[in-house]
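Have a look at the structure below before the remarks.
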Amino acid sequence: MPTFSFFKSFFSSSYILFTLLLLLITYPSTSALKPSHVRPSSFTKIFAFGDSYTDTGNTDSNTGPTGFNYVSNLPYGITFFHHPTNRYSDGRLIIDFVASSLSLPFLPPYLKLRGGGQGAAADNGVNFAVAGSTAIEHEFFVKNNLSFDATPESILTQLSWFDEFLKGQGCEEEQGCKALIDDALFWIGEIGANDYAYTAETSISSSLIQALTTKRIATFLEAILNKGAKYVVVQGLPATGCLSLALSLSPSDDRDTLNCVKSVNQQSLGHNTILQAELRSLRKQFPEAVIVYADYWNAHAAILKTRSQLGFKEPFKACCGSGGGPYNFDIFNGACGSPSSSSCHNPSEYINWDGVHLTEAMYKAVANAFLHGNYSHPSFRYLLRRQQQGRVRTSVLNG
């Protein structure tokens with residue numbers, strides 16, 4: 001998700017047989033957001049991609065995005081792990097809840113795996129997501145003298161890591177990778193917000209960045225689909241105008257019906273509209289694949305509207321930060337985890353964790369909306385049914 005500089009663009013310009021095996025319930029309205037149990041599927045692994053909203057440890061305090069130099073310190077990780085794990089939250093992320101729902105362990109970060117980190121194993125998948133990652137390749141920002149604060153890894157870097165991983169598994173060609181990829185879920189977390197940030201206050205138009213980011217995401221998706229990916233979930237951008245940082249820096253008259261920053265949320269919505277058009281095109285190109293759009297923006301908005309029923313008491317104030325006030329966020333001092341910051345004692349009642357990233361409780365609510373609610377298109381239940389059907393069909397063909 002966004003780095004420290006992500007939000008500069010938002011505040012300096014005008015500125016979102018198998019049904020019985022599954023037994024999954026479609027929850028209406030608010031109940032679609034409440035915690036629920038997912039029965040195990042036959043997915044054997046997950047491959048995840050994205051930015052800091054999905055990164056489970058490919059960056060740390062020394063290598064992560066500017067403004068979040070304390071992710072390796074408590075209170076990051078305090079809620080579930082009780083120690084920092086280099087996740088940008090107090091606990092688990094959406095991808096962690098997805099893995100648990102499918103009875104799979106948490107995914108190891110690829111760089112730890114590549115580095116021979118203790119306990120890292122790829123039997124059940126790998127996480128390639130990188131905090132601060134962009135959709136557009138890093139060379140674009142270098143060429144335009146915009147690389148001063150840019151994370152060098154892009155979504156296409158993550159694709160190259162995936163290729164490197166496949167090669168390490170003795171699998172490079174499509175047919176040779178079939179066994180490895182057939183029963184894999186490909187989860188693409190939200191990505192693209194950082195691209196808008198790095199081009200703030202430049203001659204590069206936001207419309208160009210919008211076109212380039214969505215095209216790069218489509219290029220990435222086409223590549224993994226050509227490799228044989230059959231079950232793919234793609235998250236859109238969340239309601240970024242509802243983050244503590246956005247609210248703390250925007251004028252009070254720039255608000256929407258959610259009481260969030262209108263201009264910021266509109267930018268995310270515009271990005272998501274184009275992304276969905278790209279997905280429709282890919283579905284036609286790859287009719288045998290199941291490509292799901294996870295509607296992060298509307299899930300985020302629905303949770304805000306029903307927050308009291310879900311146990312949230314602080315919709316906009318950062319649990320971990322400094323400065324107090326309605327947002328508890330100081331853009332210049334007191335980043336979460338720093339000596340001058342403090343954290344709340346009840347993060348499960350907060351939506352915002354450090355001003356940019358969300359709490360475990362919020363990630364759990366969003367994951368539940370994706371997995372059980374009406375915020376995935378087609379539904380995650382449909383994806384599971386198709387995967388079960390595919391396994392049975394393969395079993396019958398193989399005798």
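The way I read the labels, and the way they are meant: chains A, B, ... in the order of the structure tokens, residue 1 as the first residue of every chain, and ligand 1 as the first ligand shown, with later ones counted on from there.
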Nearby residues (only C-alpha atoms) at most 12 Å from A:Glu139, same-chain spacing under 3 positions excluded, as a PyMOL selection string: chain A and resi 134-136+142-147+150-154+156-157
Can you pull out every residue within 9 Å of A:Pro238, counting only C-alpha atoms, but drop anything in the same chain fewer than 5 positions away, and send it as a count of residues only? 12
Quick one: contact table of stretch 68-134 of chain A to stretch 166-186 of chain A, 10 Å max, nearest atom pair and distance in Å to one decimal per residue, counting only C-alpha atoms, chain and number order, as JSON lines?
{"residue": "A:Ala99", "atom": "CA", "partner": "A:Leu185", "partner_atom": "CA", "distance": 9.8}
{"residue": "A:Arg114", "atom": "CA", "partner": "A:Gly168", "partner_atom": "CA", "distance": 9.6}
{"residue": "A:Ala122", "atom": "CA", "partner": "A:Gln169", "partner_atom": "CA", "distance": 9.6}
{"residue": "A:Asp123", "atom": "CA", "partner": "A:Leu180", "partner_atom": "CA", "distance": 9.8}
{"residue": "A:Asn124", "atom": "CA", "partner": "A:Ala184", "partner_atom": "CA", "distance": 8.7}
{"residue": "A:Gly125", "atom": "CA", "partner": "A:Ala184", "partner_atom": "CA", "distance": 7.8}
Can you write out as a tab-separated table which residues of stretch 314-397 of chain A fall within 12 Å of stretch 244-252 of chain A, alongside each residue's closest atom pair and its distance in Å to one decimal, counting only C-alpha atoms and ordering rows by chain and ascending residue number?
residue	atom	partner	partner_atom	distance
A:Glu314	CA	A:Ser244	CA	10.7
A:Pro315	CA	A:Ser244	CA	9.0
A:Phe316	CA	A:Ser244	CA	5.5
A:Lys317	CA	A:Ser244	CA	5.9
A:Ala318	CA	A:Ser244	CA	6.0
A:Cys319	CA	A:Ser244	CA	9.8
A:Cys320	CA	A:Ser244	CA	10.7
A:Gly321	CA	A:Ser244	CA	10.0
A:Ser322	CA	A:Ser244	CA	11.5
A:Gly323	CA	A:Ser248	CA	10.6
A:Gly324	CA	A:Ser248	CA	11.1
A:Gly325	CA	A:Ser248	CA	9.6
A:Pro326	CA	A:Ser248	CA	8.4
A:Tyr327	CA	A:Ser244	CA	5.4
A:Asn328	CA	A:Ser244	CA	7.7
A:Phe329	CA	A:Leu245	CA	6.5
A:Asp330	CA	A:Leu245	CA	8.2
A:Ile331	CA	A:Leu245	CA	7.4
A:Phe332	CA	A:Leu245	CA	11.2
A:Ala335	CA	A:Leu245	CA	11.3
A:Tyr350	CA	A:Ser244	CA	11.1
A:Ile351	CA	A:Ser244	CA	9.6
A:Asn352	CA	A:Ser244	CA	6.7
A:Trp353	CA	A:Ser244	CA	8.8
A:Asp354	CA	A:Ser244	CA	8.0
A:Gly355	CA	A:Ser244	CA	4.5
A:Val356	CA	A:Leu245	CA	6.2
A:His357	CA	A:Ser244	CA	9.1
A:Leu358	CA	A:Ser244	CA	9.9
For the residues in the current selection, export N, CA and C atoms as a PDB file, in the first residue's frame.
ATOM      1  N   GLU A 314     -13.556   3.828  16.590  1.00  0.00           N
ATOM      2  CA  GLU A 314     -12.736   4.909  16.038  1.00  0.00           C
ATOM      3  C   GLU A 314     -12.558   4.693  14.538  1.00  0.00           C
ATOM      4  N   PRO A 315     -13.350   5.369  13.714  1.00  0.00           N
ATOM      5  CA  PRO A 315     -13.263   5.128  12.266  1.00  0.00           C
ATOM      6  C   PRO A 315     -12.067   5.777  11.581  1.00  0.00           C
ATOM      7  N   PHE A 316     -11.557   6.892  12.135  1.00  0.00           N
ATOM      8  CA  PHE A 316     -10.547   7.668  11.423  1.00  0.00           C
ATOM      9  C   PHE A 316      -9.266   7.916  12.222  1.00  0.00           C
ATOM     10  N   LYS A 317      -9.299   7.784  13.506  1.00  0.00           N
ATOM     11  CA  LYS A 317      -8.141   8.055  14.356  1.00  0.00           C
ATOM     12  C   LYS A 317      -7.164   6.895  14.320  1.00  0.00           C
ATOM     13  N   ALA A 318      -5.876   7.183  14.156  1.00  0.00           N
ATOM     14  CA  ALA A 318      -4.854   6.134  14.142  1.00  0.00           C
ATOM     15  C   ALA A 318      -4.647   5.591  15.542  1.00  0.00           C
ATOM     16  N   CYS A 319      -4.624   4.285  15.673  1.00  0.00           N
ATOM     17  CA  CYS A 319      -4.351   3.648  16.966  1.00  0.00           C
ATOM     18  C   CYS A 319      -2.922   3.925  17.404  1.00  0.00           C
ATOM     19  N   CYS A 320      -1.990   3.866  16.456  1.00  0.00           N
ATOM     20  CA  CYS A 320      -0.565   4.042  16.757  1.00  0.00           C
ATOM     21  C   CYS A 320      -0.040   5.267  16.013  1.00  0.00           C
ATOM     22  N   GLY A 321       0.452   6.230  16.772  1.00  0.00           N
ATOM     23  CA  GLY A 321       0.952   7.451  16.137  1.00  0.00           C
ATOM     24  C   GLY A 321       1.288   8.487  17.173  1.00  0.00           C
ATOM     25  N   SER A 322       1.122   9.744  16.811  1.00  0.00           N
ATOM     26  CA  SER A 322       1.409  10.840  17.730  1.00  0.00           C
ATOM     27  C   SER A 322       0.621  12.067  17.305  1.00  0.00           C
ATOM     28  N   GLY A 323       0.541  13.021  18.200  1.00  0.00           N
ATOM     29  CA  GLY A 323      -0.140  14.268  17.868  1.00  0.00           C
ATOM     30  C   GLY A 323      -1.512  14.402  18.459  1.00  0.00           C
ATOM     31  N   GLY A 324      -2.141  13.269  18.829  1.00  0.00           N
ATOM     32  CA  GLY A 324      -3.470  13.344  19.401  1.00  0.00           C
ATOM     33  C   GLY A 324      -4.477  13.897  18.419  1.00  0.00           C
ATOM     34  N   GLY A 325      -5.485  14.599  18.940  1.00  0.00           N
ATOM     35  CA  GLY A 325      -6.504  15.177  18.076  1.00  0.00           C
ATOM     36  C   GLY A 325      -7.396  14.109  17.467  1.00  0.00           C
ATOM     37  N   PRO A 326      -8.169  14.497  16.454  1.00  0.00           N
ATOM     38  CA  PRO A 326      -9.126  13.553  15.864  1.00  0.00           C
ATOM     39  C   PRO A 326      -8.478  12.432  15.047  1.00  0.00           C
ATOM     40  N   TYR A 327      -7.203  12.626  14.633  1.00  0.00           N
ATOM     41  CA  TYR A 327      -6.570  11.630  13.762  1.00  0.00           C
ATOM     42  C   TYR A 327      -5.323  10.993  14.369  1.00  0.00           C
ATOM     43  N   ASN A 328      -4.745  11.599  15.390  1.00  0.00           N
ATOM     44  CA  ASN A 328      -3.542  11.077  16.045  1.00  0.00           C
ATOM     45  C   ASN A 328      -2.442  10.783  15.038  1.00  0.00           C
ATOM     46  N   PHE A 329      -2.252  11.705  14.125  1.00  0.00           N
ATOM     47  CA  PHE A 329      -1.227  11.519  13.101  1.00  0.00           C
ATOM     48  C   PHE A 329      -0.459  12.809  12.883  1.00  0.00           C
ATOM     49  N   ASP A 330       0.856  12.723  13.021  1.00  0.00           N
ATOM     50  CA  ASP A 330       1.744  13.861  12.767  1.00  0.00           C
ATOM     51  C   ASP A 330       2.653  13.468  11.616  1.00  0.00           C
ATOM     52  N   ILE A 331       2.497  14.129  10.482  1.00  0.00           N
ATOM     53  CA  ILE A 331       3.228  13.745   9.282  1.00  0.00           C
ATOM     54  C   ILE A 331       4.735  13.930   9.424  1.00  0.00           C
ATOM     55  N   PHE A 332       5.148  14.786  10.345  1.00  0.00           N
ATOM     56  CA  PHE A 332       6.574  15.080  10.467  1.00  0.00           C
ATOM     57  C   PHE A 332       7.249  14.369  11.644  1.00  0.00           C
ATOM     58  N   ALA A 335       6.222   8.777  14.055  1.00  0.00           N
ATOM     59  CA  ALA A 335       5.695   7.634  13.309  1.00  0.00           C
ATOM     60  C   ALA A 335       5.519   6.443  14.236  1.00  0.00           C
ATOM     61  N   TYR A 350     -10.368   0.100  16.510  1.00  0.00           N
ATOM     62  CA  TYR A 350      -9.882   1.082  15.547  1.00  0.00           C
ATOM     63  C   TYR A 350      -9.860   0.480  14.143  1.00  0.00           C
ATOM     64  N   ILE A 351     -10.102   1.308  13.150  1.00  0.00           N
ATOM     65  CA  ILE A 351      -9.965   0.898  11.749  1.00  0.00           C
ATOM     66  C   ILE A 351      -8.558   1.213  11.248  1.00  0.00           C
ATOM     67  N   ASN A 352      -8.054   2.398  11.577  1.00  0.00           N
ATOM     68  CA  ASN A 352      -6.719   2.815  11.154  1.00  0.00           C
ATOM     69  C   ASN A 352      -5.672   2.410  12.187  1.00  0.00           C
ATOM     70  N   TRP A 353      -4.576   1.841  11.712  1.00  0.00           N
ATOM     71  CA  TRP A 353      -3.510   1.419  12.611  1.00  0.00           C
ATOM     72  C   TRP A 353      -2.463   2.514  12.786  1.00  0.00           C
ATOM     73  N   ASP A 354      -1.730   2.844  11.721  1.00  0.00           N
ATOM     74  CA  ASP A 354      -0.629   3.803  11.837  1.00  0.00           C
ATOM     75  C   ASP A 354      -0.839   5.056  10.992  1.00  0.00           C
ATOM     76  N   GLY A 355      -2.044   5.252  10.537  1.00  0.00           N
ATOM     77  CA  GLY A 355      -2.358   6.421   9.722  1.00  0.00           C
ATOM     78  C   GLY A 355      -2.438   6.136   8.244  1.00  0.00           C
ATOM     79  N   VAL A 356      -1.789   5.070   7.808  1.00  0.00           N
ATOM     80  CA  VAL A 356      -1.787   4.672   6.403  1.00  0.00           C
ATOM     81  C   VAL A 356      -2.280   3.241   6.248  1.00  0.00           C
ATOM     82  N   HIS A 357      -1.861   2.386   7.166  1.00  0.00           N
ATOM     83  CA  HIS A 357      -2.263   0.980   7.124  1.00  0.00           C
ATOM     84  C   HIS A 357      -3.376   0.716   8.136  1.00  0.00           C
ATOM     85  N   LEU A 358      -4.015  -0.422   8.026  1.00  0.00           N
ATOM     86  CA  LEU A 358      -5.192  -0.725   8.824  1.00  0.00           C
ATOM     87  C   LEU A 358      -4.884  -1.716   9.944  1.00  0.00           C
TER      88      LEU A 358
END
DSSP alpha helix (DSSP H) selection over stretch 255-292 of chain A, as a PyMOL selection string: chain A and resi 262-285
Could you save those same residues with C-alpha atoms as a PDB file, in the first residue's frame?
ATOM      1  CA  LYS A 262     -13.716  13.182  -1.474  1.00  0.00           C
ATOM      2  CA  SER A 263     -10.969  13.930  -4.008  1.00  0.00           C
ATOM      3  CA  VAL A 264      -8.808  11.057  -2.790  1.00  0.00           C
ATOM      4  CA  ASN A 265     -11.642   8.544  -2.815  1.00  0.00           C
ATOM      5  CA  GLN A 266     -12.655   9.619  -6.311  1.00  0.00           C
ATOM      6  CA  GLN A 267      -9.146   8.964  -7.590  1.00  0.00           C
ATOM      7  CA  SER A 268      -9.205   5.433  -6.161  1.00  0.00           C
ATOM      8  CA  LEU A 269     -12.658   4.818  -7.614  1.00  0.00           C
ATOM      9  CA  GLY A 270     -11.494   5.964 -11.044  1.00  0.00           C
ATOM     10  CA  HIS A 271      -8.530   3.592 -10.879  1.00  0.00           C
ATOM     11  CA  ASN A 272     -10.812   0.716  -9.892  1.00  0.00           C
ATOM     12  CA  THR A 273     -13.217   1.387 -12.752  1.00  0.00           C
ATOM     13  CA  ILE A 274     -10.443   1.071 -15.327  1.00  0.00           C
ATOM     14  CA  LEU A 275      -8.979  -1.967 -13.576  1.00  0.00           C
ATOM     15  CA  GLN A 276     -12.335  -3.749 -13.770  1.00  0.00           C
ATOM     16  CA  ALA A 277     -12.493  -3.057 -17.507  1.00  0.00           C
ATOM     17  CA  GLU A 278      -9.069  -4.704 -17.869  1.00  0.00           C
ATOM     18  CA  LEU A 279     -10.317  -7.722 -15.937  1.00  0.00           C
ATOM     19  CA  ARG A 280     -13.360  -8.071 -18.202  1.00  0.00           C
ATOM     20  CA  SER A 281     -11.041  -8.149 -21.193  1.00  0.00           C
ATOM     21  CA  LEU A 282      -8.832 -10.790 -19.589  1.00  0.00           C
ATOM     22  CA  ARG A 283     -11.851 -12.974 -18.811  1.00  0.00           C
ATOM     23  CA  LYS A 284     -12.668 -13.041 -22.514  1.00  0.00           C
ATOM     24  CA  GLN A 285      -9.067 -13.833 -23.377  1.00  0.00           C
TER      25      GLN A 285
END
What residues in stretch 20-266 of chain A get the DSSP label strand (DSSP E or B)? Please answer as a count of residues only. 23
Need the shell around A:Ser133: protein/DNA/RNA residues with any atom at most 12 Å away, counting only C-alpha atoms. Skip same-chain ones fewer than 5 positions apart. Format as a ChimeraX atom specification? /A:1-3,6,49-55,58-59,63-65,128,138,149-158,189-198,213
